[in-house]
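Written out below as structure tokens is the structure these notes cover.
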Amino acid sequence: MKRKFTQLAVVSTLLASILTGCAGEGGSSSSAGGDTIKIGANLELSGGVASFGSSISKGIDLAVEEINKDGGVDGKDIEIIKVDNKSEGSEATSAAIRLTSKDKVTAIIGAATSGNTVAQAQIANDNKTILLTPSGTSPNVTVNEDGSVNEFAFRTSFIDPFQGTVAANFAANELKIKNVAIYADSSSDYAKGLAKSFKETFEAAGGKIVATEAYVTKDTDFRSTLTRIKSAKPDFIFIPGYYEEVGLIVKQAREMGIDVPLMGADGWDSPKLVELAGAEALNNTFITNHYSSEDPDEKIQTFVKNFSDKYDGASPDAFNALGYDSVYLLADAIERAGDLDTTKIKDALAETKDLALVSGNVTIDEQHNPIKSATILEYKDGKQVFNTKVNP
Amino acid sequence: MEWVQQIINGISLGSIYALIALGYTMVYGIIKLINFAHGDVFMVGSFIGFYSITAWGLGFFPALLLSMVACAAFGVLIERIAYKRLRNATRIAALITAIGVSLLIEYGVIYVRGAQPEAYPDVVPNISFNLFGAQISSQSILILSVSVILMIILQLIVHKTKIGKAMRAVSHDVDAAKLMGINVDNTISATFAIGSALAGAAGVIFGVYYTKIEPLMGVIPGLKAFVAAVLGGIGIIPGAMVGGLVLGVVETVVSGLGFSLWRDAAAFIILILILIFRPSGIFGKNTREKV
């Protein structure tokens, strides 16, 4: 009985999507007759990664407020419709169905994680609705399994392997490093992707990988492998992974007298890292991240100021910035498309070039991934300090 | 000098395994039960140490003592509630109960405080110095000396005191011990108390040395200590010490050769090999098991 019901539901949503799809294509001018642009926000406002979703939501609110105050996009105000997907894939799917069929939004911003974004990709595509994830970094959000590009899916953040490339360029060009050891979490696709792209870029730049070692999530004893790395005498160690293990690796490495620079990516970015490793051990370590609130760039400082005015002096984090940027990225494309025909907006989005955003100047590539700068942060006495910005 | 360093790493790791393995081996020696909840007593000890340092501001040694006392009581409690009434049941029934108790403790702790990890505070000054080109931290030395001292105390208790004599007697022959007027129940409880106290000490040492503690941290060290106990000959106290140290060094050497992903596998391959070729362990005699 239940199964029949779901089948019925699926069929009816499909039907609805075909109907609205036709209507959208046939009468795009009539749907633009309203005086607001409806944008859905399908975010993790509760559940496991609620902190990501609510950060993005704050960023979105600030951007919408600013745009509407300046007269909106093409004279139309943006209207945000927020739906909580409870950090679950199935909820993300039903939220996307609601946004596309009931609210008839032009675009959906969300979700925060790659998995919850992929869960809505099919619905967005069928309904010809733009899907823009602020922070989903997995390559398969915009590229289907067969390698073709998912036409309506875009992202604001860079993808995982890009951080490895940036870290390698930073090590080779800024720190002038020749010999590097890589110590990666072999149980995570994220870390393996970063290690691979780091190795390729660094070797292409003329550097040498003197040791490649691996650990697995939940390990606690890294001393023996670190001893091995130490005897290979690297000038720099790249450690892609998440903060729980990295904190211990950094601590144990420093105890063993490994004082070379250590580097990782956004997986390090947690207050727990400082607790585990200790502030002193973290000196002379670097991470790549989406953005830093300490970046002296004028655009960023304006954003930081406006954000703290709106949210009682809070300092915006990377997710706040990505949510904020997502709205501007979309607004820019809608303005260039000229009307609310989503096919035109999608083409305009794909043609985005050198758009100045808080998290860098964005150019969208043919796989719908932004090419933009990454920020390098350095830990100094347990605090993240802006170091430099690296362009791709 | 890489190898000097690796041996030091291995001995530090091995002495933690040895402390946990002692509890396994003592309990097995006396009631022939593999107490799978032992790794979780180790975890509880680690958390007791953590809270007494962070919440009450105790130093390392008071925290260590408090954790040992609390774990001893906890061990006796487990024995009295879960194992005592199964003393005449089949060994498989007791084994299954032990696994049940283990899960109960793990998820009980998660229920009370959540699954998130904690970072152990630096209670021991951490100074590194050079020995033959190897870096030794003051923490490693402290761990080693505490472990060695505890093992010596254990040997003294087992061989020089009345309760130690009773323990040896009970493990040799329960019925004969009873006939000689030994209180078997109290002796078994004492065994649990001593074994659990050692696990509690290992928990605090582990926290200081490896920083991160979490409710499921006892599972893998518990299994490794079990391997160490079997390696040395289960039921034999010096065997557990040697087994723990050997296992720690072997794991470190495997990582040191560049096979870090094979480290856990190496421990369990040792278990399989020992069970096939020398089931009574390094120190075991092939005839029958003794303490």
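Residues are referred to by chain and number: the chain letter is A, B, ... according to the order shown in the structure tokens, the number counts from 1 in that chain, and ligands are numbered separately from 1 in the order shown.
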Test item, alpha helix (DSSP H) assignment across stretch 113-267 of chain A, answer as a ChimeraX atom specification: /A:114-126,160-169,189-204,223-231,243-255
Just-selected residues, C-alpha atoms written as a PDB file, in the first residue's frame:
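After the write, result.pdb holds the following:
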```pdb
ATOM      1  CA  SER A 114      27.814  17.516  -1.283  1.00  0.00           C
ATOM      2  CA  GLY A 115      25.601  14.539  -0.443  1.00  0.00           C
ATOM      3  CA  ASN A 116      22.513  16.617   0.265  1.00  0.00           C
ATOM      4  CA  THR A 117      23.116  18.609  -2.916  1.00  0.00           C
ATOM      5  CA  VAL A 118      23.412  15.514  -5.074  1.00  0.00           C
ATOM      6  CA  ALA A 119      20.111  14.349  -3.545  1.00  0.00           C
ATOM      7  CA  GLN A 120      18.318  17.268  -5.229  1.00  0.00           C
ATOM      8  CA  ALA A 121      20.220  17.363  -8.508  1.00  0.00           C
ATOM      9  CA  GLN A 122      17.774  15.216 -10.459  1.00  0.00           C
ATOM     10  CA  ILE A 123      14.747  17.231  -9.371  1.00  0.00           C
ATOM     11  CA  ALA A 124      16.416  20.532 -10.142  1.00  0.00           C
ATOM     12  CA  ASN A 125      17.417  19.283 -13.564  1.00  0.00           C
ATOM     13  CA  ASP A 126      13.969  17.909 -14.399  1.00  0.00           C
ATOM     14  CA  ASP A 160      38.574  19.260  -3.158  1.00  0.00           C
ATOM     15  CA  PRO A 161      41.541  18.599  -5.470  1.00  0.00           C
ATOM     16  CA  PHE A 162      41.993  22.323  -6.001  1.00  0.00           C
ATOM     17  CA  GLN A 163      43.158  22.806  -2.431  1.00  0.00           C
ATOM     18  CA  GLY A 164      45.945  20.282  -3.029  1.00  0.00           C
ATOM     19  CA  THR A 165      47.059  22.266  -6.073  1.00  0.00           C
ATOM     20  CA  VAL A 166      47.052  25.514  -4.130  1.00  0.00           C
ATOM     21  CA  ALA A 167      49.008  23.998  -1.259  1.00  0.00           C
ATOM     22  CA  ALA A 168      51.620  22.627  -3.663  1.00  0.00           C
ATOM     23  CA  ASN A 169      52.026  26.000  -5.362  1.00  0.00           C
ATOM     24  CA  ASP A 189      38.399  10.199  -0.366  1.00  0.00           C
ATOM     25  CA  TYR A 190      38.783  13.844   0.498  1.00  0.00           C
ATOM     26  CA  ALA A 191      42.332  13.377   1.803  1.00  0.00           C
ATOM     27  CA  LYS A 192      43.349  11.038  -0.995  1.00  0.00           C
ATOM     28  CA  GLY A 193      42.125  13.526  -3.611  1.00  0.00           C
ATOM     29  CA  LEU A 194      44.100  16.311  -1.988  1.00  0.00           C
ATOM     30  CA  ALA A 195      47.253  14.202  -1.704  1.00  0.00           C
ATOM     31  CA  LYS A 196      47.035  13.220  -5.363  1.00  0.00           C
ATOM     32  CA  SER A 197      46.632  16.736  -6.694  1.00  0.00           C
ATOM     33  CA  PHE A 198      49.317  18.043  -4.339  1.00  0.00           C
ATOM     34  CA  LYS A 199      51.793  15.435  -5.589  1.00  0.00           C
ATOM     35  CA  GLU A 200      51.073  16.110  -9.263  1.00  0.00           C
ATOM     36  CA  THR A 201      51.383  19.872  -8.947  1.00  0.00           C
ATOM     37  CA  PHE A 202      54.423  19.789  -6.699  1.00  0.00           C
ATOM     38  CA  GLU A 203      56.345  17.386  -8.915  1.00  0.00           C
ATOM     39  CA  ALA A 204      55.415  19.427 -11.978  1.00  0.00           C
ATOM     40  CA  ARG A 223      55.100   8.254  16.270  1.00  0.00           C
ATOM     41  CA  SER A 224      56.570   5.309  14.408  1.00  0.00           C
ATOM     42  CA  THR A 225      55.496   6.597  11.004  1.00  0.00           C
ATOM     43  CA  LEU A 226      56.615  10.106  11.933  1.00  0.00           C
ATOM     44  CA  THR A 227      60.028   8.714  12.875  1.00  0.00           C
ATOM     45  CA  ARG A 228      60.230   7.225   9.413  1.00  0.00           C
ATOM     46  CA  ILE A 229      59.191  10.505   7.837  1.00  0.00           C
ATOM     47  CA  LYS A 230      61.734  12.369   9.938  1.00  0.00           C
ATOM     48  CA  SER A 231      64.569  10.165   8.722  1.00  0.00           C
ATOM     49  CA  TYR A 243      41.252  17.701  12.663  1.00  0.00           C
ATOM     50  CA  GLU A 244      40.780  14.767  15.056  1.00  0.00           C
ATOM     51  CA  GLU A 245      43.796  12.853  13.750  1.00  0.00           C
ATOM     52  CA  VAL A 246      45.708  15.864  12.463  1.00  0.00           C
ATOM     53  CA  GLY A 247      45.723  17.409  15.941  1.00  0.00           C
ATOM     54  CA  LEU A 248      47.522  14.351  17.290  1.00  0.00           C
ATOM     55  CA  ILE A 249      49.897  14.154  14.323  1.00  0.00           C
ATOM     56  CA  VAL A 250      50.953  17.771  14.766  1.00  0.00           C
ATOM     57  CA  LYS A 251      51.454  17.311  18.497  1.00  0.00           C
ATOM     58  CA  GLN A 252      53.451  14.095  18.162  1.00  0.00           C
ATOM     59  CA  ALA A 253      55.546  15.472  15.294  1.00  0.00           C
ATOM     60  CA  ARG A 254      56.575  18.511  17.289  1.00  0.00           C
ATOM     61  CA  GLU A 255      57.414  16.340  20.323  1.00  0.00           C
TER      62      GLU A 255
END
```
Check: which chain B residues lie within 9 Å of chain A using only C-alpha atoms, as an MDAnalysis selection string: chainID B and resid 1:3 5:6 9:10 13 117:122 126:128 134:137 210:212 217 251:261
Neighbour list for B:Gly281 as JSON, numbers by chain, cut-off 12 Å, only C-alpha atoms, skip fewer than 4 positions in-chain: {"B": [25, 227, 228, 229, 230, 231, 232, 233, 234, 235, 236, 237, 238, 239, 240, 242, 243, 270, 271, 272, 273, 274, 275, 276, 277, 285, 286, 288, 289, 290]}
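Summary of the local environment: counting only C-alpha atoms, residues at most 12 Å from B:Ile182, other than itself and those fewer than 5 positions away along its chain, are Lys162, Ile163, Gly164, Lys165, Ala166, Met167, Arg168, Ala169, Val170, Ser171, Asp173, Val174, Asp175, Ala176, Ala177, Thr187 and Ile188 of chain B.
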Using C-alpha atoms, can you write the selected residues to a file as a PDB file, in the first residue's frame?
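To be explicit, this is the file written out as selection_24.pdb:
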```pdb
ATOM      1  CA  LYS B 162      48.669 -13.277  51.772  1.00  0.00           C
ATOM      2  CA  ILE B 163      46.093 -12.230  49.188  1.00  0.00           C
ATOM      3  CA  GLY B 164      48.633 -12.996  46.465  1.00  0.00           C
ATOM      4  CA  LYS B 165      49.128 -16.442  47.889  1.00  0.00           C
ATOM      5  CA  ALA B 166      45.337 -16.887  47.946  1.00  0.00           C
ATOM      6  CA  MET B 167      45.100 -15.804  44.330  1.00  0.00           C
ATOM      7  CA  ARG B 168      47.730 -18.294  43.276  1.00  0.00           C
ATOM      8  CA  ALA B 169      45.994 -21.012  45.242  1.00  0.00           C
ATOM      9  CA  VAL B 170      42.570 -20.285  43.751  1.00  0.00           C
ATOM     10  CA  SER B 171      43.947 -20.221  40.238  1.00  0.00           C
ATOM     11  CA  ASP B 173      42.629 -25.348  42.161  1.00  0.00           C
ATOM     12  CA  VAL B 174      39.446 -23.649  43.313  1.00  0.00           C
ATOM     13  CA  ASP B 175      38.049 -26.561  45.269  1.00  0.00           C
ATOM     14  CA  ALA B 176      41.272 -27.323  47.085  1.00  0.00           C
ATOM     15  CA  ALA B 177      41.637 -23.635  47.945  1.00  0.00           C
ATOM     16  CA  THR B 187      39.987 -13.540  46.260  1.00  0.00           C
ATOM     17  CA  ILE B 188      38.294 -13.274  42.877  1.00  0.00           C
TER      18      ILE B 188
END
```
For atom CA of A:Ser187 and atom CA of A:Ala265, the interatomic separation in Å (one decimal): 16.3 Å
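With distances restricted to only C-alpha atoms, A:Ala333 is the closest residue to A:Ile364 from A:Ala333, A:Ile239, A:Leu45, A:Ala96.
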